[in-house]
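Reproduced below: query-v2.txt, with compact mmCIF, C-alpha atoms.
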```txt
# COMPACT_ATOMS: atom_id res chain seq x y z
CA MET A 1 26.97 9.01 -77.70
CA LEU A 2 24.78 7.76 -80.54
CA GLU A 3 27.84 6.11 -82.12
CA LEU A 4 27.91 3.63 -79.20
CA LEU A 5 24.20 2.84 -79.43
CA PRO A 6 22.43 0.57 -81.93
CA GLU A 7 22.24 2.00 -85.42
CA THR A 8 18.51 2.67 -85.11
CA ALA A 9 18.93 4.79 -81.96
CA ARG A 10 17.47 8.29 -82.17
CA ILE A 11 16.59 11.12 -79.79
CA GLU A 12 13.01 12.08 -80.50
CA GLY A 13 11.02 14.48 -78.36
CA ALA A 14 13.79 14.52 -75.74
CA GLU A 15 13.67 10.74 -75.41
CA LEU A 16 15.82 7.87 -76.61
CA THR A 17 14.14 5.59 -79.14
CA LEU A 18 15.41 2.25 -80.41
CA ALA A 19 14.13 1.02 -83.79
CA GLY A 20 11.31 3.52 -83.39
CA VAL A 21 10.30 2.33 -79.91
CA ARG A 22 10.49 4.78 -76.99
CA ALA A 23 12.74 3.65 -74.16
CA SER A 24 10.08 4.65 -71.61
CA ARG A 25 7.54 2.42 -73.34
CA LEU A 26 9.95 -0.51 -73.22
CA ALA A 27 10.60 0.06 -69.51
CA ASP A 28 6.91 0.49 -68.69
CA GLU A 29 5.84 -2.64 -70.57
CA HIS A 30 8.70 -4.96 -69.64
CA GLY A 31 10.15 -3.53 -66.44
CA THR A 32 13.77 -2.80 -65.60
CA PRO A 33 16.53 -3.80 -65.77
CA LEU A 34 15.84 -4.63 -69.40
CA LEU A 35 18.25 -5.75 -72.10
CA VAL A 36 17.15 -4.47 -75.52
CA TYR A 37 18.56 -5.80 -78.81
CA CYS A 38 18.24 -4.10 -82.19
CA ALA A 39 17.64 -6.57 -85.05
CA GLU A 40 18.81 -4.18 -87.77
CA THR A 41 22.18 -3.63 -86.11
CA ILE A 42 22.77 -7.38 -85.89
CA ARG A 43 21.81 -7.88 -89.54
CA ASN A 44 24.22 -5.12 -90.56
CA ARG A 45 27.09 -6.80 -88.71
CA VAL A 46 26.32 -10.10 -90.44
CA ARG A 47 26.37 -8.30 -93.80
CA GLU A 48 29.76 -6.75 -92.99
CA TYR A 49 31.24 -10.17 -92.24
CA ARG A 50 29.72 -11.58 -95.43
CA GLU A 51 31.28 -8.78 -97.47
CA ALA A 52 34.68 -9.13 -95.78
CA ALA A 53 34.79 -12.94 -96.03
CA PRO A 54 32.22 -14.02 -98.65
CA GLU A 55 33.29 -17.67 -98.79
CA ALA A 56 33.76 -18.21 -95.05
CA LEU A 57 31.57 -20.18 -92.68
CA ILE A 58 30.56 -17.68 -90.00
CA VAL A 59 29.61 -19.19 -86.65
CA TYR A 60 28.32 -17.05 -83.80
CA GLY A 61 30.23 -17.28 -80.51
CA THR A 62 27.16 -18.36 -78.53
CA LYS A 63 28.87 -17.64 -75.21
CA ALA A 64 28.45 -13.91 -75.92
CA PHE A 65 24.73 -14.43 -75.25
CA ALA A 66 22.87 -17.68 -75.79
CA ASN A 67 19.32 -16.98 -76.96
CA VAL A 68 17.18 -18.93 -79.41
CA ALA A 69 15.60 -15.86 -81.02
CA LEU A 70 18.98 -14.22 -81.63
CA LEU A 71 20.38 -17.45 -83.05
CA ARG A 72 17.41 -17.68 -85.41
CA LEU A 73 17.96 -14.09 -86.48
CA LEU A 74 21.62 -14.81 -87.19
CA ALA A 75 20.70 -18.02 -89.01
CA GLU A 76 18.71 -15.93 -91.50
CA GLY A 77 22.13 -14.80 -92.73
CA ASP A 78 23.44 -18.39 -92.77
CA VAL A 79 25.37 -17.83 -89.56
CA GLY A 80 26.01 -21.00 -87.58
CA ALA A 81 26.98 -21.48 -83.94
CA ASP A 82 30.22 -21.88 -82.00
CA VAL A 83 29.28 -23.80 -78.85
CA SER A 84 31.22 -25.32 -75.97
CA THR A 85 28.69 -27.04 -73.70
CA LEU A 86 25.56 -29.18 -73.83
CA GLY A 87 23.52 -26.10 -72.98
CA GLU A 88 24.91 -23.99 -75.82
CA LEU A 89 24.44 -26.88 -78.24
CA ALA A 90 20.81 -27.14 -77.09
CA PHE A 91 20.26 -23.44 -77.86
CA ALA A 92 21.73 -23.87 -81.34
CA ARG A 93 19.66 -26.94 -82.09
CA ALA A 94 16.48 -25.29 -80.76
CA ALA A 95 17.15 -22.45 -83.21
CA GLY A 96 17.25 -24.97 -86.06
CA ILE A 97 20.96 -24.64 -86.84
CA PRO A 98 22.19 -27.78 -88.63
CA GLY A 99 25.23 -29.73 -87.49
CA GLU A 100 27.31 -28.72 -90.49
CA ARG A 101 27.17 -25.15 -89.22
CA ILE A 102 28.04 -25.95 -85.59
CA VAL A 103 31.58 -25.94 -84.18
CA PHE A 104 31.88 -27.62 -80.76
CA HIS A 105 34.68 -26.34 -78.50
CA GLY A 106 35.70 -26.94 -74.90
CA ASN A 107 38.94 -27.57 -73.04
CA ASN A 108 37.35 -30.32 -70.91
CA LYS A 109 34.54 -31.95 -72.87
CA THR A 110 32.56 -34.66 -71.12
CA PRO A 111 31.64 -37.96 -72.81
CA GLU A 112 28.03 -36.77 -72.83
CA GLU A 113 29.01 -33.58 -74.65
CA LEU A 114 31.05 -35.49 -77.21
CA ARG A 115 28.18 -37.92 -77.81
CA ALA A 116 25.79 -35.01 -78.35
CA ALA A 117 28.24 -33.33 -80.71
CA GLY A 118 28.68 -36.57 -82.62
CA LYS A 119 24.92 -37.13 -82.87
CA ALA A 120 24.52 -33.59 -84.26
CA ASP A 121 27.43 -34.19 -86.68
CA ALA A 122 29.05 -31.01 -85.40
CA LEU A 123 32.66 -30.15 -86.16
CA VAL A 124 34.51 -30.92 -82.91
CA VAL A 125 37.66 -29.03 -81.91
CA LEU A 126 40.18 -31.36 -80.24
CA ASP A 127 41.68 -29.37 -77.38
CA ALA A 128 43.67 -31.92 -75.36
CA LEU A 129 46.23 -34.60 -76.03
CA GLY A 130 44.43 -37.90 -76.43
CA GLU A 131 40.96 -36.38 -76.85
CA SER A 132 40.78 -38.19 -80.20
CA TYR A 133 40.13 -41.46 -78.34
CA ALA A 134 37.11 -40.06 -76.50
CA ALA A 135 35.82 -38.33 -79.65
CA ALA A 136 36.02 -41.49 -81.74
CA ALA A 137 34.35 -43.55 -79.00
CA ALA A 138 31.53 -40.99 -78.80
CA GLY A 139 30.73 -41.19 -82.50
CA VAL A 140 32.31 -37.91 -83.55
CA ARG A 141 33.15 -37.88 -87.24
CA ARG A 142 34.67 -34.47 -88.13
CA VAL A 143 37.35 -32.69 -86.10
CA LEU A 144 39.75 -29.77 -86.00
CA VAL A 145 42.89 -29.65 -83.84
CA ARG A 146 43.35 -26.51 -81.75
CA LEU A 147 46.84 -25.09 -81.91
CA THR A 148 48.28 -22.81 -79.23
CA PRO A 149 50.49 -20.43 -81.24
CA GLY A 150 52.18 -18.66 -78.32
CA VAL A 151 50.78 -15.21 -79.12
CA GLU A 152 49.84 -12.65 -76.45
CA ALA A 153 46.99 -10.49 -77.71
CA VAL A 154 46.69 -6.88 -76.56
CA THR A 155 43.64 -7.35 -74.36
CA HIS A 156 42.77 -8.16 -70.74
CA ARG A 157 44.77 -11.14 -69.45
CA SER A 158 41.61 -13.05 -68.58
CA ILE A 159 40.48 -13.09 -72.22
CA GLN A 160 43.81 -13.91 -73.85
CA THR A 161 43.56 -17.41 -75.28
CA ALA A 162 46.74 -18.14 -77.29
CA HIS A 163 49.67 -17.37 -74.99
CA GLU A 164 52.13 -20.06 -73.87
CA GLU A 165 50.28 -20.76 -70.58
CA SER A 166 46.79 -20.81 -72.08
CA LYS A 167 44.44 -23.53 -70.88
CA PHE A 168 43.24 -23.84 -74.48
CA GLY A 169 44.78 -25.87 -77.28
CA LEU A 170 47.94 -27.85 -77.89
CA SER A 171 51.57 -26.98 -78.47
CA PRO A 172 52.80 -27.61 -82.04
CA ASP A 173 54.44 -30.93 -81.04
CA ALA A 174 51.34 -32.15 -79.20
CA ALA A 175 49.06 -30.94 -81.99
CA GLU A 176 51.07 -32.89 -84.53
CA ARG A 177 50.72 -36.06 -82.47
CA GLU A 178 46.99 -35.49 -82.12
CA VAL A 179 46.55 -35.04 -85.87
CA VAL A 180 48.29 -38.37 -86.47
CA ARG A 181 46.32 -40.13 -83.73
CA ALA A 182 42.96 -38.77 -84.95
CA ARG A 183 43.64 -39.99 -88.47
CA GLU A 184 44.65 -43.42 -87.20
CA LEU A 185 41.33 -43.61 -85.35
CA GLY A 186 39.42 -42.87 -88.55
CA LEU A 187 38.39 -39.29 -87.72
CA GLU A 188 38.15 -36.77 -90.53
CA VAL A 189 40.74 -34.15 -89.53
CA GLU A 190 39.44 -31.19 -91.50
CA GLY A 191 41.95 -28.62 -90.31
CA VAL A 192 43.38 -26.47 -87.56
CA HIS A 193 41.80 -24.05 -85.12
CA VAL A 194 43.43 -21.01 -83.50
CA HIS A 195 42.06 -18.14 -81.39
CA VAL A 196 44.11 -15.37 -79.78
CA GLY A 197 41.61 -13.61 -77.51
CA SER A 198 38.55 -11.41 -77.11
CA GLN A 199 37.88 -7.67 -77.33
CA LEU A 200 40.72 -7.36 -79.85
CA GLY A 201 41.54 -3.90 -81.13
CA ARG A 202 43.88 -4.74 -84.02
CA PRO A 203 44.55 -7.65 -86.41
CA GLU A 204 48.33 -7.94 -85.88
CA GLU A 205 48.26 -10.73 -83.28
CA SER A 206 45.72 -12.71 -85.29
CA LEU A 207 47.95 -12.39 -88.35
CA LEU A 208 50.94 -13.58 -86.34
CA ALA A 209 48.93 -16.57 -85.11
CA LEU A 210 47.94 -17.36 -88.69
CA GLU A 211 51.58 -17.24 -89.79
CA ARG A 212 52.45 -19.75 -87.07
CA VAL A 213 49.57 -21.99 -88.15
CA LEU A 214 50.88 -21.87 -91.72
CA GLY A 215 54.35 -22.79 -90.44
CA PHE A 216 52.81 -25.73 -88.57
CA LEU A 217 51.07 -26.91 -91.75
CA GLU A 218 54.28 -26.60 -93.74
CA ARG A 219 56.07 -28.70 -91.13
CA LEU A 220 53.43 -31.42 -91.56
CA ASP A 221 53.35 -30.98 -95.36
CA TRP A 222 49.56 -30.72 -95.01
CA THR A 223 47.02 -28.68 -96.92
CA PRO A 224 43.88 -28.84 -94.74
CA ARG A 225 40.33 -28.47 -95.96
CA VAL A 226 39.69 -25.59 -93.56
CA LEU A 227 41.30 -23.15 -91.14
CA ASP A 228 39.30 -21.82 -88.20
CA LEU A 229 40.70 -18.44 -87.12
CA GLY A 230 38.27 -17.86 -84.28
CA GLY A 231 36.73 -14.48 -83.49
CA GLY A 232 37.67 -11.80 -81.00
CA LEU A 233 37.03 -8.44 -82.70
CA GLY A 234 36.02 -5.95 -80.04
CA VAL A 235 33.27 -3.35 -79.80
CA ARG A 236 33.37 0.19 -78.42
CA HIS A 237 31.97 0.53 -74.90
CA ASN A 238 33.02 4.16 -74.54
CA ARG A 239 33.96 6.99 -76.88
CA ASP A 240 37.67 6.77 -76.01
CA GLU A 241 38.02 3.31 -77.54
CA ARG A 242 39.21 3.03 -81.14
CA LEU A 243 38.62 -0.25 -82.93
CA PRO A 244 38.94 -1.50 -86.51
CA SER A 245 35.93 -2.20 -88.68
CA VAL A 246 35.02 -5.76 -89.59
CA ALA A 247 36.66 -5.28 -93.00
CA GLU A 248 39.85 -3.85 -91.47
CA PHE A 249 40.13 -6.74 -89.04
CA VAL A 250 39.04 -9.66 -91.23
CA GLY A 251 40.33 -8.52 -94.62
CA PRO A 252 44.07 -9.08 -93.94
CA LEU A 253 43.33 -12.56 -92.55
CA VAL A 254 41.27 -13.56 -95.56
CA GLU A 255 44.04 -12.41 -97.90
CA ARG A 256 46.60 -14.62 -96.14
CA VAL A 257 44.62 -17.86 -96.16
CA PRO A 258 46.05 -20.16 -98.87
CA ALA A 259 44.04 -20.66 -102.04
CA GLY A 260 41.80 -23.71 -101.91
CA VAL A 261 41.60 -23.73 -98.10
CA GLY A 262 38.23 -22.93 -96.53
CA LEU A 263 37.83 -20.46 -93.68
CA ILE A 264 35.76 -20.45 -90.49
CA LEU A 265 35.30 -17.30 -88.39
CA GLU A 266 33.73 -17.21 -84.92
CA PRO A 267 32.57 -13.64 -84.12
CA GLY A 268 30.50 -13.21 -81.00
CA ARG A 269 30.85 -9.82 -79.36
CA SER A 270 31.25 -7.99 -82.68
CA LEU A 271 27.94 -9.41 -83.97
CA VAL A 272 25.75 -8.49 -81.01
CA GLY A 273 27.67 -6.15 -78.68
CA ARG A 274 26.62 -2.81 -80.15
CA ALA A 275 23.12 -4.12 -80.80
CA GLY A 276 22.39 -4.33 -77.06
CA VAL A 277 21.35 -1.58 -74.64
CA THR A 278 20.46 -2.08 -70.98
CA LEU A 279 17.79 0.11 -69.40
CA TYR A 280 17.84 0.68 -65.63
CA ARG A 281 15.61 2.66 -63.29
CA VAL A 282 17.44 5.09 -61.01
CA GLY A 283 16.65 4.70 -57.32
CA SER A 284 18.55 6.63 -54.67
CA VAL A 285 20.78 9.60 -55.50
CA LYS A 286 23.15 10.74 -52.75
CA GLU A 287 26.57 12.16 -51.95
CA SER A 288 29.25 10.28 -50.05
CA GLY A 289 32.74 11.63 -49.44
CA GLY A 290 32.55 14.03 -52.34
CA VAL A 291 31.15 11.43 -54.74
CA THR A 292 27.59 11.62 -56.05
CA TYR A 293 26.04 8.18 -56.39
CA ALA A 294 23.09 7.25 -58.58
CA ALA A 295 21.95 3.74 -57.71
CA ILE A 296 20.22 1.54 -60.28
CA ASP A 297 17.97 -1.49 -59.98
CA GLY A 298 20.54 -3.86 -61.49
CA GLY A 299 24.30 -4.09 -61.39
CA MET A 300 26.88 -6.86 -61.27
CA SER A 301 24.23 -9.58 -61.46
CA ASP A 302 23.31 -8.54 -65.02
CA ASN A 303 26.68 -7.06 -66.07
CA PRO A 304 29.81 -8.14 -64.16
CA ARG A 305 32.26 -6.98 -66.86
CA PRO A 306 33.47 -3.92 -64.89
CA GLN A 307 34.41 -6.23 -62.00
CA LEU A 308 35.88 -8.98 -64.20
CA TYR A 309 37.73 -6.99 -66.85
CA GLY A 310 37.70 -3.36 -65.73
CA ALA A 311 35.25 -2.55 -68.54
CA ARG A 312 34.41 1.16 -68.92
CA TYR A 313 30.89 2.09 -69.98
CA GLU A 314 29.07 5.35 -70.62
CA ALA A 315 25.40 6.17 -70.07
CA LEU A 316 22.64 8.65 -70.83
CA LEU A 317 19.27 9.46 -69.33
CA ALA A 318 16.90 7.86 -71.80
CA ASN A 319 13.92 9.92 -70.61
CA ARG A 320 15.81 13.25 -70.85
CA ALA A 321 18.27 12.43 -73.60
CA ASP A 322 18.43 15.95 -75.04
CA GLU A 323 19.55 17.64 -71.80
CA PRO A 324 23.21 18.62 -71.34
CA PRO A 325 25.30 17.10 -68.53
CA ARG A 326 25.08 18.86 -65.16
CA GLY A 327 27.23 16.58 -63.03
CA VAL A 328 29.32 13.44 -62.73
CA TYR A 329 27.69 10.41 -61.13
CA ARG A 330 29.07 7.10 -59.94
CA ILE A 331 26.54 4.53 -61.16
CA ALA A 332 26.21 1.93 -58.41
CA GLY A 333 24.37 -1.36 -58.51
CA LYS A 334 22.00 -2.64 -55.83
CA HIS A 335 24.18 -5.53 -54.64
CA CYS A 336 25.95 -5.93 -51.31
CA GLU A 337 29.43 -5.21 -52.65
CA SER A 338 31.28 -1.89 -52.59
CA GLY A 339 32.72 -2.97 -55.93
CA ASP A 340 29.28 -3.18 -57.51
CA VAL A 341 29.86 -0.07 -59.59
CA LEU A 342 28.83 -0.09 -63.24
CA ILE A 343 30.33 3.29 -64.23
CA GLU A 344 32.86 5.26 -62.18
CA GLY A 345 32.05 8.66 -63.66
CA ALA A 346 29.00 9.16 -65.87
CA GLU A 347 28.35 12.71 -67.09
CA LEU A 348 24.59 13.16 -66.85
CA PRO A 349 21.89 15.80 -66.46
CA ALA A 350 20.74 16.42 -62.89
CA THR A 351 19.69 12.86 -62.07
CA ARG A 352 16.64 12.06 -59.98
CA PRO A 353 14.98 8.92 -58.63
CA GLY A 354 12.78 7.43 -61.31
CA ASP A 355 14.98 8.48 -64.23
CA LEU A 356 15.65 5.88 -66.90
CA LEU A 357 19.34 5.15 -67.49
CA ALA A 358 20.50 3.64 -70.78
CA VAL A 359 23.89 1.91 -71.00
CA PRO A 360 25.08 1.20 -74.57
CA ALA A 361 27.10 -1.73 -75.94
CA THR A 362 25.82 -4.33 -73.46
CA GLY A 363 24.83 -6.96 -76.00
CA ALA A 364 27.72 -9.34 -75.30
CA TYR A 365 29.15 -10.96 -72.15
CA THR A 366 26.83 -9.07 -69.80
CA LEU A 367 23.71 -11.08 -69.05
CA ALA A 368 25.55 -14.12 -70.40
CA LEU A 369 27.91 -13.77 -67.43
CA GLY A 370 25.11 -12.78 -65.08
CA SER A 371 23.96 -14.42 -61.87
CA THR A 372 21.22 -14.34 -59.28
CA TYR A 373 23.48 -12.87 -56.61
CA ASN A 374 21.56 -11.54 -53.61
CA GLY A 375 18.59 -13.54 -54.88
CA VAL A 376 17.97 -11.02 -57.67
CA PRO A 377 16.17 -12.62 -60.64
CA ARG A 378 17.71 -12.05 -64.05
CA PRO A 379 16.10 -9.44 -66.31
CA ALA A 380 13.97 -9.76 -69.40
CA VAL A 381 15.27 -9.34 -72.95
CA VAL A 382 13.45 -7.82 -75.92
CA LEU A 383 14.21 -7.54 -79.63
CA VAL A 384 13.17 -4.31 -81.36
CA GLU A 385 12.50 -3.88 -85.07
CA ASN A 386 10.27 -1.64 -87.20
CA SER A 387 8.74 0.16 -84.19
CA GLU A 388 7.82 -3.12 -82.51
CA ALA A 389 9.27 -4.91 -79.50
CA ARG A 390 9.19 -8.68 -79.03
CA LEU A 391 9.94 -10.43 -75.75
CA ILE A 392 12.68 -13.02 -76.39
CA ARG A 393 13.55 -13.89 -72.80
CA ARG A 394 11.11 -13.36 -69.97
CA ARG A 395 12.09 -11.97 -66.61
CA GLU A 396 12.83 -14.53 -63.93
CA THR A 397 10.82 -14.47 -60.70
CA VAL A 398 11.71 -15.04 -57.08
CA GLU A 399 9.34 -18.03 -57.10
CA GLU A 400 11.42 -19.58 -59.88
CA LEU A 401 14.58 -19.13 -57.82
CA LEU A 402 12.94 -20.99 -54.93
CA ARG A 403 11.89 -23.81 -57.24
CA TYR A 404 15.39 -25.26 -57.15
CA GLU A 405 15.47 -25.57 -53.38
CA ALA A 406 15.37 -29.18 -52.17
```

Transcribe the structure of this file into structure tokens.
Amino acid sequence: MLELLPETARIEGAELTLAGVRASRLADEHGTPLLVYCAETIRNRVREYREAAPEALIVYGTKAFANVALLRLLAEGDVGADVSTLGELAFARAAGIPGERIVFHGNNKTPEELRAAGKADALVVLDALGESYAAAAAGVRRVLVRLTPGVEAVTHRSIQTAHEESKFGLSPDAAEREVVRARELGLEVEGVHVHVGSQLGRPEESLLALERVLGFLERLDWTPRVLDLGGGLGVRHNRDERLPSVAEFVGPLVERVPAGVGLILEPGRSLVGRAGVTLYRVGSVKESGGVTYAAIDGGMSDNPRPQLYGARYEALLANRADEPPRGVYRIAGKHCESGDVLIEGAELPATRPGDLLAVPATGAYTLALGSTYNGVPRPAVVLVENSEARLIRRRETVEELLRYEA
């Protein structure tokens, strides 16, 4: 299972370590549930993107997990930010990312969001017919036009973004009108944006989308300054999944971009997904109808992906990581939903209350999609590097939840 964990993961003295830090130490010092990120793994993903697309502007899909410390770490490799709300823009600006490395998305941007994007001099993606008027009025200077290429990516329907019925982008005819309108309003139309989906397992649909973008440009007789091909490359959550490397996914796209045209890429999950591990403490262990349950102290409030997308995870006992499996356990969360199941069938050693469960590949779209359901405060987050752990998001408290009551 080490291939699913961060690259610094080791089993030492029967225990899982991350960047040289024992999992039990992390749990004892910071409590559980606990989301742990490995800095070295993130840096390695940035390097892979740099090698695959050396001239591209790489912007992190902040929605994967918005955190100032992670954005600063990414910025060390000149990675910018792909944002879509005032909140995400605030994270990027707090991390010191300059406007020229921020791309502002959104299918329903408010005037306040457009004004903030304009003030930051971010590159704004026009996503609706007539949005040029609002962008110009808000002081936006630089824009892209998002094209819907009519491509259905091989991924979960909820994270397809380029099919004919997508809520994102404009049809070719509408996009052409918006390009003309934006220019008439004095906006700098720098290029075209396209994105086919998330958790992608092959480049074919992205290549098809790019071909349709190139056809659109030929129709307009336009050589843009830049093409933004979005992100979407997936990560392995279980050992059955097979996914291309960054080079295998990005390389064919880079080769097809016309000479003299710049490139923007928006990886999110593939930058931070493998870098994250969630640690849980096992509570009750019991049988029910032939199923053995091991209940953890988190669940769908810190990782709703199994409920949203049918995501399949694996797990290991971090405190007894060298022991062979002795049974199959259904890993259940603590919430008042029968569907609050993180893993349907985890092969584990004989599991007992108090054991420490580690779930790999939870660095993206887990806590970012989390909630305080059942009044459960959201967990802490730490960054590990060189045998040290640094708190980068503190654990919420019940008192803080009550603070918002009027």

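Checking A:Leu4, A:Ala23, A:Leu74, A:Ala116 one by one against Pro267 (chain A), counting only C-alpha atoms, you find the shortest gap at A:Leu74.
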
Nearby residues (all atoms listed in the file) at most 6 Å from Gly169 (chain A), same-chain spacing under 6 positions excluded, as a VMD selection string: chain A and resid 127 146 to 148

Can you write out the residues you just picked, keeping C-alpha atoms, as a tab-separated table (two decimals), in the frame of the given file?
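Below is the file that was written, part-v3.tsv:
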```tsv
chain	number	residue	atom	x	y	z
A	127	ASP	CA	41.68	-29.37	-77.38
A	146	ARG	CA	43.35	-26.51	-81.75
A	147	LEU	CA	46.84	-25.09	-81.91
A	148	THR	CA	48.28	-22.81	-79.23
```

Which residues are close to Asn107 (chain A), i.e. within 12 Å by only C-alpha atoms, leaving aside same-chain residues fewer than 2 positions away? Reply as a VMD selection string. chain A and resid 83 to 85 104 to 105 109 to 110 113 to 114 124 to 129 131 145 to 146 161 166 to 170

What lies within 7 Å of region 339-353 of chain A using only C-alpha atoms, ignoring chain neighbours under 4 positions off, as a count of residues only? 25

Among A:Ala321, A:Ala389, A:Ala137, A:Ala406, Val21 (chain A) is approached most closely, using only C-alpha atoms, by A:Ala389

Within 10 Å of (24.4, -11.2, -69.2) in the file's own coordinates, which protein, DNA or RNA residues have an atom, counting all atoms listed in the file? List them as a PyMOL selection string. chain A and resi 35+63-66+300-305+362-371+378-379

Could you tell me how far CA of Gly99 (chain A) lies from CA of Arg50 (chain A), in Å and to one decimal?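 Computing it gives 20.3 Å between the two atoms.
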
Could you please determine the separation between CA of Tyr373 (chain A) and CA of Ala294 (chain A) in Å, to one decimal place?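 Result for CA of Tyr373 (chain A) versus CA of Ala294 (chain A): 20.2 Å, one decimal.
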
Please write out, as lines of an AutoDock Vina configuration file, where the centre of an axis-aligned box around all listed atoms of region 7-24 of chain A lies and how long its edges are, in Å to one decimal, after adding 5 Å on each side.
```
center_x = 16.2
center_y = 7.8
center_z = -78.5
size_x = 22.2
size_y = 23.5
size_z = 23.8
```

May I ask which of the residues A:Gly262, A:Gly87, A:Gly251, A:Pro377 is the closest one to Glu48 (chain A), counting only C-alpha atoms?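 Using only C-alpha atoms, the shortest distance to Glu48 (chain A) belongs to A:Gly251.
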
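Of the listed residues A:Val246, A:Ile296, A:Val384, A:Leu214, the one whose atoms come nearest to Glu7 (chain A) is A:Val384, with distances taken using all atoms listed in the file.
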